[in-house]
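The file start-v2.cif contains mmCIF, C-alpha atoms:
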data_entry
loop_
_atom_site.label_atom_id
_atom_site.label_comp_id
_atom_site.auth_asym_id
_atom_site.auth_seq_id
_atom_site.Cartn_x
_atom_site.Cartn_y
_atom_site.Cartn_z
CA MET A 1 103.45 100.22 89.79
CA ASP A 2 104.69 99.53 86.26
CA SER A 3 103.14 96.31 84.94
CA SER A 4 105.13 96.04 81.68
CA ASP A 5 107.77 93.62 83.01
CA ASP A 6 106.48 92.75 86.44
CA PRO A 7 104.41 89.51 86.72
CA LEU A 8 103.11 90.53 90.17
CA ALA A 9 101.86 93.89 88.89
CA ARG A 10 100.12 92.13 86.01
CA LEU A 11 98.62 89.55 88.34
CA LEU A 12 97.31 92.26 90.69
CA LYS A 13 95.89 94.17 87.72
CA HIS A 14 94.09 91.05 86.45
CA ALA A 15 92.84 90.29 89.96
CA ALA A 16 91.47 93.83 90.44
CA ALA A 17 89.44 93.37 87.25
CA ALA A 18 87.68 90.28 88.62
CA PRO A 19 83.90 90.71 88.94
CA ALA A 20 82.68 91.17 92.51
CA LYS A 21 80.65 88.35 94.03
CA ASP A 22 77.25 89.04 95.57
CA LEU A 23 77.53 90.35 99.08
CA THR A 24 76.34 88.33 102.04
CA ALA A 25 73.07 89.55 103.51
CA LEU A 26 72.47 89.29 107.25
CA SER A 27 69.71 86.99 108.39
CA PRO A 28 66.79 88.51 110.36
CA GLN A 29 68.11 86.63 113.40
CA SER A 30 71.51 88.35 113.09
CA GLU A 31 69.79 91.73 112.78
CA ALA A 32 67.75 91.01 115.90
CA ASP A 33 70.94 89.98 117.76
CA ILE A 34 72.61 93.28 116.84
CA VAL A 35 69.59 95.29 118.04
CA ARG A 36 69.48 93.26 121.27
CA ALA A 37 73.20 93.84 121.88
CA TRP A 38 72.74 97.56 121.22
CA ARG A 39 69.77 97.77 123.62
CA SER A 40 71.63 96.02 126.42
CA THR A 41 74.67 98.24 125.92
CA GLY A 42 72.44 101.33 125.82
CA SER A 43 70.97 100.53 129.21
CA LEU A 44 74.44 99.61 130.45
CA HIS A 45 75.69 103.04 129.42
CA LEU A 46 72.77 104.70 131.21
CA ARG A 47 73.42 102.60 134.32
CA ARG A 48 77.08 103.59 134.21
CA GLU A 49 76.19 107.25 133.79
CA PHE A 50 73.80 107.11 136.75
CA ALA A 51 76.36 105.28 138.85
CA PHE A 52 78.96 107.87 137.96
CA ASP A 53 76.60 110.73 138.85
CA ALA A 54 75.78 109.11 142.19
CA LEU A 55 79.49 108.64 142.88
CA LEU A 56 80.13 112.26 142.01
CA VAL A 57 77.42 113.49 144.41
CA ARG A 58 78.71 111.26 147.20
CA GLY A 59 82.28 112.41 146.62
CA ALA A 60 81.29 116.06 146.63
CA ALA A 61 79.30 115.58 149.88
CA LEU A 62 82.25 113.83 151.52
CA ALA A 63 84.67 116.54 150.43
CA LEU A 64 82.35 119.26 151.79
CA THR A 65 82.00 117.45 155.12
CA LEU A 66 85.77 117.07 155.40
CA MET A 67 86.27 120.75 154.62
CA LEU A 68 83.75 121.72 157.33
CA VAL A 69 85.43 119.42 159.87
CA VAL A 70 88.85 120.86 159.08
CA LEU A 71 87.50 124.41 159.31
CA GLY A 72 85.81 123.62 162.62
CA LEU A 73 89.00 122.11 164.05
CA ASN A 74 91.01 125.12 162.92
CA LEU A 75 88.57 127.53 164.54
CA THR A 76 88.62 125.55 167.78
CA GLY A 77 92.43 125.53 167.73
CA LEU A 78 92.49 129.27 167.15
CA ALA A 79 90.09 129.89 170.00
CA ASP A 80 92.13 127.64 172.30
CA SER A 81 95.35 129.42 171.48
CA GLN A 82 93.68 132.79 172.04
CA THR A 83 92.41 131.65 175.46
CA GLN A 84 95.91 130.42 176.38
CA THR A 85 97.49 133.74 175.35
CA TYR A 86 94.91 135.64 177.35
CA ALA A 87 95.55 133.45 180.43
CA ALA A 88 99.30 133.90 180.12
CA GLU A 89 98.91 137.65 179.79
CA SER A 90 96.64 137.94 182.79
CA GLU A 91 99.03 135.77 184.82
CA PHE A 92 101.86 138.13 183.89
CA LEU A 93 99.74 141.13 184.84
CA ASP A 94 98.81 139.52 188.15
CA LEU A 95 102.48 138.88 188.84
CA GLY A 96 103.33 142.51 187.98
CA GLU A 97 100.55 143.78 190.16
CA SER A 98 101.60 141.65 193.12
CA SER A 99 105.27 142.75 192.78
CA THR A 100 104.18 146.44 192.63
CA LEU A 101 102.07 145.95 195.71
CA LEU A 102 105.05 144.28 197.44
CA ALA A 103 107.31 147.21 196.53
CA LEU A 104 104.83 149.75 197.78
CA GLN A 105 104.50 148.09 201.12
CA PRO A 106 106.18 150.12 203.84
CA MET B 107 80.40 103.35 99.02
CA SER B 108 78.29 102.98 95.85
CA ASP B 109 76.38 100.09 97.47
CA LEU B 110 74.83 102.48 99.98
CA ASP B 111 71.48 104.13 99.39
CA PRO B 112 72.36 107.81 98.81
CA ASP B 113 68.85 109.01 99.70
CA PHE B 114 68.90 107.45 103.17
CA ASP B 115 68.61 110.08 105.92
CA TRP B 116 71.35 108.63 108.13
CA GLN B 117 71.60 111.76 110.28
CA GLY B 118 67.93 111.63 111.17
CA CYS B 119 68.16 107.90 111.80
CA LEU B 120 71.23 108.37 114.00
CA GLU B 121 69.42 111.04 115.99
CA ARG B 122 66.51 108.64 116.58
CA ILE B 123 68.90 105.89 117.67
CA ARG B 124 70.75 108.20 120.03
CA ARG B 125 67.52 109.42 121.59
CA GLY B 126 66.95 105.97 123.04
CA SER B 127 64.96 102.92 122.25
CA ASP B 128 63.93 103.31 118.59
CA GLU B 129 64.48 99.77 117.34
CA ASP B 130 63.07 100.55 113.89
CA ALA B 131 65.72 103.23 113.42
CA ALA B 132 68.40 100.75 114.50
CA ARG B 133 67.15 98.19 111.96
CA GLU B 134 67.08 100.81 109.20
CA MET B 135 70.66 101.76 110.04
CA ILE B 136 71.76 98.09 110.00
CA ILE B 137 70.19 97.57 106.57
CA TRP B 138 71.84 100.73 105.26
CA LEU B 139 75.31 99.96 106.61
CA GLN B 140 75.29 96.25 105.79
CA PRO B 141 76.59 96.44 102.17
CA LEU B 142 79.49 98.68 103.21
CA VAL B 143 80.52 96.37 106.05
CA ALA B 144 79.99 93.23 103.95
CA ARG B 145 82.25 94.58 101.19
CA ILE B 146 85.06 95.30 103.67
CA VAL B 147 84.64 91.90 105.34
CA ARG B 148 84.66 90.12 101.97
CA SER B 149 88.01 91.73 101.16
CA HIS B 150 89.69 91.09 104.48
CA LEU B 151 88.16 87.86 105.70
CA PRO B 152 90.42 85.51 107.69
CA ARG B 153 90.57 81.97 106.27
CA ARG B 154 88.50 80.22 108.93
CA ALA B 155 86.07 83.02 109.78
CA ALA B 156 82.46 83.05 108.64
CA GLU B 157 81.57 86.17 106.71
CA GLU B 158 78.20 86.69 108.39
CA ASP B 159 79.69 86.32 111.88
CA LEU B 160 82.28 88.99 111.22
CA ILE B 161 79.69 91.36 109.71
CA GLN B 162 77.53 90.87 112.78
CA MET B 163 80.47 91.43 115.13
CA ILE B 164 81.38 94.69 113.38
CA LEU B 165 77.81 96.00 113.41
CA ILE B 166 77.48 95.17 117.12
CA LYS B 167 80.72 97.04 117.76
CA VAL B 168 79.45 100.01 115.74
CA PHE B 169 76.18 100.19 117.67
CA GLN B 170 77.83 99.68 121.05
CA ASN B 171 80.24 102.56 120.39
CA LEU B 172 77.85 104.87 118.58
CA HIS B 173 78.03 107.32 121.51
CA GLN B 174 81.73 107.80 120.64
CA TYR B 175 80.97 108.96 117.08
CA SER B 176 81.66 112.69 117.14
CA GLY B 177 80.12 113.61 113.77
CA ARG B 178 83.30 115.28 112.49
CA VAL B 179 83.59 112.77 109.62
CA PRO B 180 80.77 111.06 107.68
CA LEU B 181 79.37 108.04 109.51
CA THR B 182 80.45 105.73 106.67
CA HIS B 183 84.12 106.70 107.20
CA TRP B 184 83.87 105.96 110.90
CA VAL B 185 82.13 102.62 110.28
CA SER B 186 84.70 101.68 107.61
CA ARG B 187 87.50 102.32 110.06
CA VAL B 188 85.83 100.19 112.73
CA ALA B 189 85.31 97.43 110.13
CA VAL B 190 88.90 97.54 108.83
CA ASN B 191 90.35 97.49 112.35
CA THR B 192 88.10 94.60 113.39
CA CYS B 193 89.13 92.60 110.30
CA LEU B 194 92.79 93.37 110.98
CA LYS B 195 92.37 92.14 114.54
CA ALA B 196 90.69 88.96 113.28
CA LEU B 197 93.52 88.42 110.78
CA ARG B 198 96.09 88.90 113.55
CA ALA B 199 94.28 86.29 115.62
CA GLU B 200 95.06 83.68 112.95
CA LYS B 201 97.80 81.60 114.45
CA SER B 202 99.31 80.28 111.26
CA ARG B 203 99.84 81.56 107.75
CA PRO B 204 99.93 78.91 105.03
CA GLU B 205 102.72 78.52 102.52
CA TRP B 206 101.26 77.48 99.20
CA ARG B 207 102.92 75.06 96.84
CA TRP B 208 102.50 74.74 93.10
CA ALA B 209 100.63 71.47 93.68
CA ASP B 210 98.03 73.30 95.83
CA LEU B 211 96.99 75.62 93.00
CA THR B 212 93.85 75.00 91.01
CA ASP B 213 93.90 75.04 87.22
CA PRO B 214 92.50 78.59 86.87
CA GLU B 215 95.13 79.76 89.38
CA ARG B 216 97.97 78.07 87.47
CA ASN B 217 96.63 79.55 84.28
CA ALA B 218 96.54 83.00 85.90
CA LEU B 219 100.15 82.62 86.98
CA GLU B 220 101.24 81.63 83.48
CA ARG B 221 99.34 84.55 82.00
CA ALA B 222 101.01 86.97 84.40
CA GLU B 223 104.43 85.55 83.55
CA SER B 224 103.85 85.73 79.81
CA ALA B 225 102.69 89.37 79.88
CA THR B 226 99.32 88.72 78.30
CA GLU B 227 96.10 90.35 79.42
CA ALA B 228 93.41 88.36 81.24
CA ALA B 229 90.97 87.44 78.49
CA ASP B 230 87.70 87.03 80.35
CA ALA B 231 86.01 87.19 83.74
CA ALA B 232 86.85 83.55 84.52
CA GLU B 233 90.57 84.22 84.08
CA ALA B 234 90.32 87.38 86.14
CA THR B 235 88.65 85.29 88.85
CA GLY B 236 91.56 82.82 88.65
CA SER B 237 93.95 85.74 89.15
CA ARG B 238 91.90 86.95 92.10
CA GLU B 239 92.00 83.49 93.69
CA LEU B 240 95.75 83.22 93.19
CA VAL B 241 96.29 86.68 94.69
CA THR B 242 94.07 85.72 97.64
CA ARG B 243 96.31 82.68 98.23
CA LEU B 244 99.42 84.83 98.09
CA LEU B 245 97.83 87.34 100.47
CA GLU B 246 97.00 84.62 102.98
CA ALA B 247 100.71 83.99 103.43
CA LEU B 248 101.41 87.65 104.26
CA PRO B 249 101.35 89.31 107.68
CA PRO B 250 97.89 90.89 108.33
CA ALA B 251 98.92 94.53 107.86
CA ASP B 252 100.70 93.73 104.57
CA ARG B 253 97.70 91.83 103.36
CA LEU B 254 95.43 94.74 104.23
CA VAL B 255 97.54 97.31 102.40
CA VAL B 256 97.81 95.23 99.19
CA GLN B 257 94.08 94.57 99.25
CA LEU B 258 93.23 98.25 99.67
CA LEU B 259 95.87 99.69 97.36
CA HIS B 260 96.00 97.22 94.48
CA LEU B 261 92.75 95.25 94.51
CA GLU B 262 90.33 97.93 95.66
CA GLU B 263 92.49 100.58 93.98
CA ARG B 264 92.13 103.08 96.83
CA SER B 265 94.42 106.08 97.15
CA ILE B 266 97.10 106.29 99.84
CA GLU B 267 95.14 109.16 101.43
CA GLU B 268 92.09 106.91 101.75
CA ILE B 269 94.16 104.08 103.25
CA LYS B 270 95.69 106.58 105.69
CA THR B 271 92.21 107.59 106.83
CA LEU B 272 90.98 104.01 107.06
CA THR B 273 93.92 102.58 108.99
CA GLY B 274 95.31 105.55 110.87
CA TRP B 275 98.81 104.87 109.48
CA THR B 276 101.08 107.61 108.12
CA TYR B 277 101.54 108.32 104.40
CA ALA B 278 105.10 106.97 104.49
CA GLY B 279 103.94 104.01 106.59
CA VAL B 280 101.41 102.98 103.94
CA LYS B 281 103.97 103.26 101.13
CA VAL B 282 106.69 101.35 102.98
CA ARG B 283 104.29 98.61 104.04
CA ALA B 284 102.96 98.27 100.48
CA PHE B 285 106.51 98.04 99.11
CA ARG B 286 107.50 95.35 101.62
CA ALA B 287 104.29 93.43 100.97
CA ARG B 288 104.96 93.45 97.21
CA GLN B 289 108.50 92.21 97.81
CA ARG B 290 107.15 89.32 99.87
CA MET B 291 104.57 88.50 97.20
CA LYS B 292 107.24 88.57 94.48
CA LYS B 293 109.34 86.17 96.51
CA ALA B 294 106.36 83.83 96.92
CA LEU B 295 105.61 84.03 93.19
CA LYS B 296 109.23 83.19 92.33
CA GLN B 297 109.03 80.24 94.69
CA LEU B 298 105.92 78.99 92.88
CA GLU B 299 107.59 79.48 89.50
CA LYS B 300 110.60 77.49 90.64
CA GLU B 301 108.40 74.62 91.77
CA GLU B 302 106.54 74.56 88.50
CA LEU B 303 108.10 71.95 86.22
CA PRO B 304 108.55 73.20 82.62
CA TRP B 305 107.05 70.08 81.07
CA THR B 306 103.77 70.57 83.01
CA ARG B 307 102.93 73.83 81.21
CA PRO B 308 101.68 72.45 77.88
CA MET B 309 99.84 69.70 79.73
CA ILE B 310 98.03 72.21 81.95
CA ARG B 311 97.24 74.39 78.95
CA SER B 312 95.68 71.45 77.17
CA LEU B 313 93.65 70.60 80.28
CA VAL B 314 92.38 74.17 80.69
CA CYS B 315 91.61 74.88 77.03
#
I'd like the structure from this file rewritten - as structure tokens, please.
Amino acid sequence: MDSSDDPLARLLKHAAAAPAKDLTALSPQSEADIVRAWRSTGSLHLRREFAFDALLVRGAALALTLMLVVLGLNLTGLADSQTQTYAAESEFLDLGESSTLLALQP
Amino acid sequence: MSDLDPDFDWQGCLERIRRGSDEDAAREMIIWLQPLVARIVRSHLPRRAAEEDLIQMILIKVFQNLHQYSGRVPLTHWVSRVAVNTCLKALRAEKSRPEWRWADLTDPERNALERAESATEAADAAEATGSRELVTRLLEALPPADRLVVQLLHLEERSIEEIKTLTGWTYAGVKVRAFRARQRMKKALKQLEKEELPWTRPMIRSLVC
């Protein structure tokens, strides 16, 4: 920014040259408050992490149980359908056998 | 950054803090970071906020989110960004922005304005302080982001790259915001000049000198 004919530029330049004031120092009480806040958050983070881990384990266990149930139901269904097919086939064979016997009768 | 102790082993201290309950390490870190945070707070303090309260709030925020610090940038950069963003948030929380009148200015501030108008250099530290106070008044009337960019660019004389890193804005964003902020400040200065009655100038000069 050219300061030759710009009052604002000159003002900003003068202001930037102002000596810095002494910085505020925190009181021991403030320092203790920060440490206390950090400690409570630290344990909060740990609690959250543990809670999350526990939730993860429970979720995984539930998912595994559901998978086993679904697998079990599928297997049962498969077995049932196989039994039904077998019964239908044997009924058909019985029918065939009885009609053959009927035809062979003198 | 020059306020910080360059010999301080911040990485070792951070490691001790992260490991768990080392309060001494936390205190050492607070003492080390304090000048950096205080300098940022001093530059961007809202009108009604207490400096110590804001420093404390920033340091609490830093410690509470220390697990998010990835280590890709120096810790001081990360802390500066947290501090700048917290100050910006505090400035945004200010409900009103004052409009200053010529009558509100103190004598050193009026003198600083005259000096800026007459293209003469600030003679001593007291006059530079008057300029700083006048600029602070003008900044208080600006929107928070404009105020931040003028403070960083013109008063702290930081580069646009540095401001980009501190605020997360784009290069063009910083330049445009700075330009608009200067336009607003010029308008406010003109307004003050208009209010100033010509016959008051010699009187003020005689009062100041």
**Request:** Please determine the contact residues of chain B with respect to chain A at a cut-off of 8 Å, counting all atoms listed in the file, and supply them as a PyMOL selection string.
**Result:** chain B and resi 126-127+129+132-133+136+140-141+144-145+148+157-158+161-162+165-166+169-170+218-219+222-225+227-228+231-232+234-239+241+260-263+288+291-292+295
**Message:** Quick check on the file I pasted: which residues fall under the PyMOL selection byres ((chain B and resi 176-184) around 9)? Write them as an MDAnalysis selection string.
**Reply:** chainID B and resid 107 116:117 139 142 168 172:175 185:189 271:272
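The coordinates place atom CA of Glu205 of chain B at 12.8 Å from atom CA of Glu301 of chain B.
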**Asked** What does the distance between atom CA of Lys293 of chain B and atom CA of Ile146 of chain B come to in Å, to one decimal place?
**Response**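 Going from atom CA of Lys293 of chain B over to atom CA of Ile146 of chain B covers 26.9 Å.
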**Request:** Would you kindly return, as JSON, numbers by chain, each protein, DNA or RNA residue with an atom no farther than 10 Å from any atom of Arg283 of chain B, considering all atoms listed in the file and excluding same-chain residues fewer than 5 positions away?
**Result:** {"B": [251, 252, 253, 254, 255, 256, 275, 278, 288, 289]}
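One finds atom CA of Arg207 of chain B at 29.1 Å from atom CA of Val190 of chain B.
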